[in-house]
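Text of start.csv (CSV, C-alpha atoms) as supplied:
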```csv
chain,number,residue,atom,x,y,z
D,28,MET,CA,0.7,-8.2,10.6
D,29,LYS,CA,3.5,-10.1,8.9
D,30,THR,CA,4.5,-11.4,12.3
D,31,VAL,CA,1.1,-12.7,12.9
D,32,VAL,CA,1.0,-14.4,9.5
D,33,LYS,CA,4.3,-16.0,10.1
D,34,VAL,CA,3.2,-17.3,13.5
D,35,LEU,CA,0.0,-18.7,12.0
D,36,LEU,CA,1.9,-20.4,9.2
D,37,GLY,CA,4.4,-21.9,11.7
D,38,LEU,CA,1.5,-23.3,13.8
D,39,SER,CA,-0.1,-24.7,10.7
D,40,VAL,CA,3.1,-26.4,9.8
D,41,VAL,CA,3.4,-27.9,13.3
D,42,LEU,CA,-0.2,-29.1,13.3
D,43,LEU,CA,0.1,-30.5,9.8
D,44,ALA,CA,3.3,-32.4,10.9
D,45,TYR,CA,1.5,-33.6,14.0
D,46,PHE,CA,-1.5,-34.9,12.1
D,47,CYS,CA,0.8,-36.6,9.5
D,48,VAL,CA,2.7,-38.4,12.2
D,49,THR,CA,-0.5,-39.3,14.1
D,50,SER,CA,-2.1,-40.7,10.9
D,51,ILE,CA,0.9,-43.1,10.6
D,52,THR,CA,1.5,-44.0,14.3
D,53,THR,CA,-2.1,-44.4,15.4
D,54,PRO,CA,-2.8,-47.5,13.2
D,55,ILE,CA,0.5,-49.0,14.1
D,56,LYS,CA,-0.1,-48.6,17.8
D,57,PHE,CA,-3.6,-50.0,17.4
D,58,GLU,CA,-2.4,-53.1,15.6
D,59,GLU,CA,0.4,-53.7,18.1
D,60,LYS,CA,-2.0,-53.5,21.1
D,61,ARG,CA,-4.6,-55.6,19.2
D,62,ALA,CA,-1.9,-58.3,18.5
D,63,ASP,CA,-0.8,-58.4,22.2
D,64,ARG,CA,-4.4,-58.6,23.4
D,65,GLU,CA,-5.5,-61.3,20.9
D,66,LYS,CA,-2.7,-63.6,22.1
D,67,VAL,CA,-4.4,-63.6,25.6
D,68,VAL,CA,-7.9,-63.9,24.2
D,69,ILE,CA,-6.9,-66.7,21.9
D,70,ALA,CA,-5.3,-68.6,24.8
D,71,ARG,CA,-8.6,-68.3,26.7
D,72,LEU,CA,-10.6,-69.6,23.7
D,73,VAL,CA,-8.3,-72.5,23.4
D,74,ASP,CA,-8.9,-73.4,27.1
D,75,ILE,CA,-12.7,-73.2,26.5
D,76,ARG,CA,-12.3,-75.6,23.6
D,77,LYS,CA,-10.2,-78.0,25.7
D,78,ALA,CA,-12.9,-78.0,28.4
D,79,GLN,CA,-15.7,-78.4,25.9
D,80,ILE,CA,-14.1,-81.3,24.1
D,81,GLU,CA,-13.6,-83.2,27.4
D,82,PHE,CA,-17.2,-82.3,28.5
D,83,LYS,CA,-18.4,-83.9,25.2
D,84,ASN,CA,-16.2,-86.9,25.6
D,85,GLN,CA,-18.0,-87.6,28.9
D,86,LYS,CA,-21.5,-86.3,28.3
D,87,GLY,CA,-21.9,-86.8,24.6
D,88,ARG,CA,-22.8,-83.2,24.0
D,89,TYR,CA,-21.4,-79.7,24.4
D,90,THR,CA,-22.8,-77.1,26.9
D,91,ALA,CA,-23.9,-73.5,26.3
D,92,SER,CA,-23.6,-72.7,30.0
D,93,PHE,CA,-20.4,-71.5,31.5
D,94,ASP,CA,-21.7,-72.4,35.0
D,95,THR,CA,-22.2,-76.0,33.9
D,96,LEU,CA,-18.8,-76.1,32.1
D,97,ILE,CA,-16.9,-74.6,35.1
D,98,SER,CA,-18.6,-76.9,37.6
D,99,PHE,CA,-17.6,-79.9,35.4
D,100,ILE,CA,-14.0,-78.7,35.4
D,101,LYS,CA,-14.0,-78.3,39.2
D,102,ASN,CA,-15.8,-81.5,40.1
D,103,GLY,CA,-15.3,-83.8,37.1
D,104,LYS,CA,-12.9,-86.7,36.9
D,105,MET,CA,-10.9,-88.1,33.9
D,106,LYS,CA,-9.8,-91.7,33.4
D,107,MET,CA,-6.0,-92.1,33.0
D,108,VAL,CA,-4.3,-95.3,32.0
D,109,LYS,CA,-0.8,-95.7,33.3
D,110,LYS,CA,1.2,-97.9,30.9
D,111,GLU,CA,4.2,-100.0,31.6
D,112,GLY,CA,5.8,-102.2,29.0
D,113,ALA,CA,4.7,-102.8,25.4
D,114,LEU,CA,3.9,-105.8,23.3
D,115,THR,CA,6.7,-106.9,20.9
D,116,ASP,CA,6.1,-107.7,17.3
D,117,GLU,CA,6.6,-111.3,18.1
D,118,GLN,CA,3.9,-111.3,20.8
D,119,MET,CA,1.4,-109.6,18.5
D,120,GLU,CA,2.2,-112.0,15.7
D,121,LYS,CA,1.2,-114.8,18.1
D,122,GLY,CA,-2.2,-113.1,18.4
D,123,LEU,CA,-1.6,-111.3,21.7
D,124,THR,CA,-3.4,-108.0,22.1
D,125,GLU,CA,-3.4,-105.6,25.0
D,126,LYS,CA,-6.9,-106.8,26.0
D,127,LYS,CA,-5.7,-110.4,26.0
D,128,ALA,CA,-2.5,-109.5,27.8
D,129,MET,CA,-4.5,-107.9,30.6
D,130,GLU,CA,-6.8,-110.9,30.8
D,131,ILE,CA,-3.8,-113.1,31.4
D,132,ILE,CA,-2.4,-110.7,34.0
D,133,ASN,CA,-5.7,-110.4,35.8
D,134,LYS,CA,-5.9,-114.2,36.2
D,135,GLY,CA,-2.8,-113.9,38.3
D,136,ASN,CA,-1.2,-117.2,37.0
D,137,ALA,CA,2.5,-116.5,37.2
D,138,LYS,CA,3.4,-119.4,34.9
D,139,GLU,CA,1.1,-118.1,32.1
D,140,ILE,CA,2.3,-114.6,32.6
D,141,ALA,CA,5.9,-115.7,32.2
D,142,GLU,CA,5.2,-117.9,29.2
D,143,ASN,CA,3.7,-114.9,27.4
D,144,GLY,CA,6.5,-112.6,28.5
D,145,LEU,CA,4.2,-110.2,30.4
D,146,GLN,CA,6.1,-109.9,33.7
D,147,ASN,CA,6.7,-106.2,33.2
D,148,PHE,CA,3.4,-105.4,31.4
D,149,ARG,CA,1.0,-103.2,33.3
D,150,ARG,CA,-2.1,-101.1,32.5
D,151,ASP,CA,-3.4,-99.4,35.6
D,152,THR,CA,-6.5,-97.2,35.4
D,153,THR,CA,-6.7,-94.2,37.8
D,154,TYR,CA,-9.0,-91.1,37.9
D,155,ILE,CA,-7.8,-87.5,38.3
D,156,SER,CA,-9.7,-84.3,38.4
D,157,VAL,CA,-10.5,-82.6,35.1
D,158,LEU,CA,-9.0,-79.3,36.5
D,159,THR,CA,-5.7,-81.0,37.2
D,160,SER,CA,-5.5,-83.0,34.0
D,161,LEU,CA,-6.4,-80.1,31.6
D,162,PHE,CA,-5.2,-77.0,33.4
D,163,ASP,CA,-2.6,-77.9,36.0
D,164,GLY,CA,-0.5,-74.8,36.7
D,165,VAL,CA,-2.8,-72.6,34.6
D,166,TYR,CA,-6.0,-72.4,36.8
D,167,ASP,CA,-6.9,-73.3,40.3
D,168,THR,CA,-10.4,-73.7,41.8
D,169,GLU,CA,-10.7,-69.9,42.1
D,170,THR,CA,-9.2,-68.6,38.9
D,171,ILE,CA,-11.0,-71.2,36.7
D,172,ASN,CA,-14.1,-68.9,37.2
D,173,GLN,CA,-12.3,-66.5,34.9
D,174,LEU,CA,-12.7,-68.9,32.0
D,175,SER,CA,-15.9,-67.2,30.9
D,176,ILE,CA,-14.5,-63.7,31.0
D,177,ILE,CA,-13.1,-62.0,27.9
D,178,PRO,CA,-9.7,-60.5,28.9
D,179,PHE,CA,-9.4,-56.6,28.7
D,180,SER,CA,-13.2,-56.4,28.6
D,181,GLU,CA,-14.3,-55.2,32.0
D,182,ASN,CA,-15.8,-58.6,32.9
D,183,LYS,CA,-17.8,-59.2,29.7
D,184,LYS,CA,-18.5,-62.8,29.0
D,185,PHE,CA,-17.7,-64.8,25.9
D,186,GLU,CA,-20.7,-65.5,23.8
D,187,MET,CA,-21.2,-69.3,23.8
D,188,ALA,CA,-23.8,-71.4,22.0
D,189,THR,CA,-24.4,-75.0,21.0
D,190,THR,CA,-26.6,-76.8,18.5
D,191,LEU,CA,-27.2,-80.1,16.8
D,192,TYR,CA,-26.2,-79.9,13.2
D,193,LYS,CA,-28.0,-82.4,10.9
D,194,THR,CA,-25.8,-83.8,8.1
D,195,ALA,CA,-27.1,-84.7,4.7
D,196,SER,CA,-27.8,-88.2,6.0
D,197,GLY,CA,-29.8,-86.8,8.8
D,198,ILE,CA,-27.3,-87.7,11.5
D,199,PRO,CA,-27.1,-85.0,14.2
D,200,ILE,CA,-23.7,-83.7,15.1
D,201,PRO,CA,-23.1,-81.6,18.3
D,202,LEU,CA,-21.5,-78.3,17.6
D,203,PHE,CA,-20.4,-75.4,19.8
D,204,GLU,CA,-18.9,-71.9,19.4
D,205,ALA,CA,-17.4,-69.3,21.7
D,206,LYS,CA,-16.9,-65.7,20.6
D,207,ALA,CA,-15.2,-62.5,21.7
D,208,PRO,CA,-16.3,-59.4,19.7
D,209,TYR,CA,-13.7,-56.8,18.9
D,210,GLU,CA,-15.8,-54.3,20.8
D,211,ALA,CA,-15.3,-56.3,24.0
D,212,TYR,CA,-11.5,-56.4,24.2
D,213,LEU,CA,-10.5,-53.5,22.0
D,214,GLY,CA,-13.2,-51.0,23.0
D,215,ASP,CA,-10.9,-48.7,24.9
D,216,LEU,CA,-8.5,-48.2,22.0
D,217,ASP,CA,-8.7,-45.7,19.2
D,218,ARG,CA,-12.4,-45.6,18.2
D,219,GLN,CA,-11.9,-44.9,14.5
D,220,GLU,CA,-9.4,-47.7,14.1
D,221,LEU,CA,-11.9,-50.1,15.8
D,222,ILE,CA,-14.7,-48.9,13.5
D,223,ASN,CA,-12.5,-49.5,10.5
D,224,LEU,CA,-11.6,-53.0,11.6
D,225,ILE,CA,-15.2,-54.0,12.3
D,226,ASP,CA,-16.3,-52.6,8.9
D,227,ILE,CA,-13.7,-54.6,7.1
D,228,GLN,CA,-14.9,-57.9,8.7
D,229,LYS,CA,-18.5,-57.1,8.0
D,230,LYS,CA,-17.8,-56.4,4.3
D,231,LEU,CA,-16.0,-59.8,4.2
D,232,ASP,CA,-19.0,-61.4,5.9
D,233,ARG,CA,-16.9,-62.5,8.8
D,234,PHE,CA,-17.4,-62.4,12.5
D,235,ALA,CA,-15.9,-59.1,13.9
D,236,GLY,CA,-13.8,-60.7,16.6
D,237,LEU,CA,-12.2,-64.0,17.6
D,238,GLN,CA,-14.2,-67.2,17.5
D,239,VAL,CA,-13.6,-70.9,18.2
D,240,GLY,CA,-15.9,-73.6,16.8
D,241,SER,CA,-19.1,-72.9,14.8
D,242,THR,CA,-22.8,-73.6,15.2
D,243,GLN,CA,-23.3,-73.0,11.4
D,244,GLU,CA,-21.3,-76.0,10.1
D,245,PRO,CA,-18.8,-78.5,11.4
D,246,ASN,CA,-15.2,-77.1,11.4
D,247,ASN,CA,-13.5,-79.4,13.8
D,248,ASN,CA,-13.7,-76.7,16.5
D,249,ALA,CA,-11.2,-74.6,14.7
D,250,GLY,CA,-10.5,-71.0,15.6
D,251,ASN,CA,-10.9,-68.2,13.0
D,252,TRP,CA,-7.3,-67.2,13.7
D,253,GLU,CA,-6.1,-70.7,12.7
```
Let me see whether you can do it: turn the structure in this file into structure tokens.
Amino acid sequence: MKTVVKVLLGLSVVLLAYFCVTSITTPIKFEEKRADREKVVIARLVDIRKAQIEFKNQKGRYTASFDTLISFIKNGKMKMVKKEGALTDEQMEKGLTEKKAMEIINKGNAKEIAENGLQNFRRDTTYISVLTSLFDGVYDTETINQLSIIPFSENKKFEMATTLYKTASGIPIPLFEAKAPYEAYLGDLDRQELINLIDIQKKLDRFAGLQVGSTQEPNNNAGNWE
């Protein structure tokens, strides 16, 4: 009987030690994996922001459709100005601006160009693809389709929305947001740790996940990690 009791006590000690160690290591491992994954998710959200900003620059609005955004990246063009030379303080004091300098150059009068010291002044406009300009070496025409997918989520898409926010003066401002819920990219990790994390964010009245931009109020397209 004493032997059985000793064995049971020994097992209890081992189990207690196991649970003590687990209670310490589980949150640590969860936070380590969360940090690693969030670096990747944040990078994707930053790419979405870059694409949305250029889309708005050209279209005057944001888009809530990833199909539209990705098509724009694949097929859109961006104006690039190649600059050679710069106006000196002396030239600008004489009233010369870049616009006036280009008007002189475009006339093609060599004497006038030389008199204004513009022999090496050039402003050439070219157009390159949005994909190359924004994501050269990051995405190609095939991998850009992954822009809408939340990493580590089994192909779940980012939640994306747009709105027109009316200021106090009544002027509408285009806004957008893109979100990745914790559930999407941390769903396969420890369940209790995930529940605790979500519960904390809800109590703080914050979005339970990563988000860039906001449709509630202007925030300069900031991420909630910034």
Contacts of Glu139 in chain D at 12 Å (only C-alpha atoms; same-chain gap of 5+ positions) as a VMD selection string
chain D and resid 127 to 134 144 to 146
Taking 5 positions as the minimum chain separation for residues in the same chain, which residues sit within 9 Å of range 77-82 of chain D when counting only C-alpha atoms? Answer as an NGL selection string.
:D and (72 or 87-90 or 96-97 or 99-100 or 103 or 105 or 157 or 161 or 203 or 248)
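In terms of minimum interatomic distance to Asp151 in chain D, D:Val108 ranks closest within D:Leu216, D:Val108, D:Ile198, D:Ile55, counting all atoms listed in the file.
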Counting all atoms listed in the file, which residue out of D:Gly122, D:Ser160, D:Gly135, D:Leu174 sits closest to Ser98 in chain D?
D:Leu174
Just give me the gap between CA of Asn251 in chain D and CA of Gln238 in chain D in Å, one decimal is fine.
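Interatomic distance, CA of Asn251 in chain D to CA of Gln238 in chain D: 5.7 Å.
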With range 180-184 of chain D as the partner and 12 Å as the cut-off, tabulate the residues of range 79-120 of chain D that qualify, each row holding the nearest pair of atoms and their distance in Å to one decimal, using all atoms listed in the file, sorted by chain and rising number, as a tab-separated table.
```
residue	atom	partner	partner_atom	distance
D:Ser92	CA	D:Lys184	CA	11.2
D:Phe93	CA	D:Lys184	CA	9.2
D:Asp94	CA	D:Lys184	CA	11.8
```
Can you tell me which residues surround Lys106 in chain D at a distance of at most 8 Å, considering all atoms listed in the file, apart from same-chain residues fewer than 4 positions away, and format the answer as a PyMOL selection string?
chain D and resi 152-155
For C-alpha atoms, I'd like the residues from the last selection saved as a JSON list (two decimals), in the frame of the given file.
```json
[["chain", "number", "residue", "atom", "x", "y", "z"],
["D", 152, "THR", "CA", -6.50, -97.20, 35.40],
["D", 153, "THR", "CA", -6.70, -94.20, 37.80],
["D", 154, "TYR", "CA", -9.00, -91.10, 37.90],
["D", 155, "ILE", "CA", -7.80, -87.50, 38.30]]
```
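The nearest approach to Lys101 in chain D among the residues D:Ser241, D:Thr159, D:Asn246, D:Ser196, with all atoms listed in the file taken into account, belongs to D:Thr159.
Closest approach to Lys56 in chain D among D:Lys138, D:Gln228, D:Asp217, D:Ala207 is made by D:Asp217 (distances from all atoms listed in the file).
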Close residues, Gly214 in chain D itself excluded, 12 Å, all atoms listed in the file, min 2 positions apart in chain, as a PyMOL selection string
chain D and resi 57+60-61+64+178-181+183+207-212+216-222+224-225+236
If I take CA of Lys109 in chain D and CA of Ser156 in chain D, how far is one from the other in Å, to one decimal?
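Computing the Euclidean distance for CA of Lys109 in chain D and CA of Ser156 in chain D yields 15.3 Å.
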Using all atoms listed in the file for the distances, tell me which of D:Leu213, D:Ala195, D:Ala141, D:Leu231 is nearest to Glu244 in chain D.
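Comparing D:Leu213, D:Ala195, D:Ala141, D:Leu231 against Glu244 in chain D, the winner is D:Ala195.
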Here is a test: counting only C-alpha atoms, which residue of D:Asp226, D:Thr168, D:Lys104, D:Ile200 is nearest to Gln85 in chain D?
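When distances to Gln85 in chain D are compared using only C-alpha atoms, the smallest one comes from D:Lys104.
Picture a line from CA of Pro201 in chain D to CA of Asp74 in chain D; it runs 18.6 Å.
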Who sits within 7 Å of Ala205 in chain D, only C-alpha atoms, same chain under 2 positions skipped, as a list in words:
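With the cut-off at 7 Å, the set is Phe185, Glu186, Met187, Ala188, Gln238, Val239 and Gly240 of chain D.
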Residue selection dump (C-alpha atoms) as a PDB file, keeping the file's coordinate frame:
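Written output follows (result.pdb):
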```pdb
ATOM      1  CA  PHE D 185     -17.700 -64.800  25.900  1.00  0.00           C
ATOM      2  CA  GLU D 186     -20.700 -65.500  23.800  1.00  0.00           C
ATOM      3  CA  MET D 187     -21.200 -69.300  23.800  1.00  0.00           C
ATOM      4  CA  ALA D 188     -23.800 -71.400  22.000  1.00  0.00           C
ATOM      5  CA  GLN D 238     -14.200 -67.200  17.500  1.00  0.00           C
ATOM      6  CA  VAL D 239     -13.600 -70.900  18.200  1.00  0.00           C
ATOM      7  CA  GLY D 240     -15.900 -73.600  16.800  1.00  0.00           C
TER       8      GLY D 240
END
```
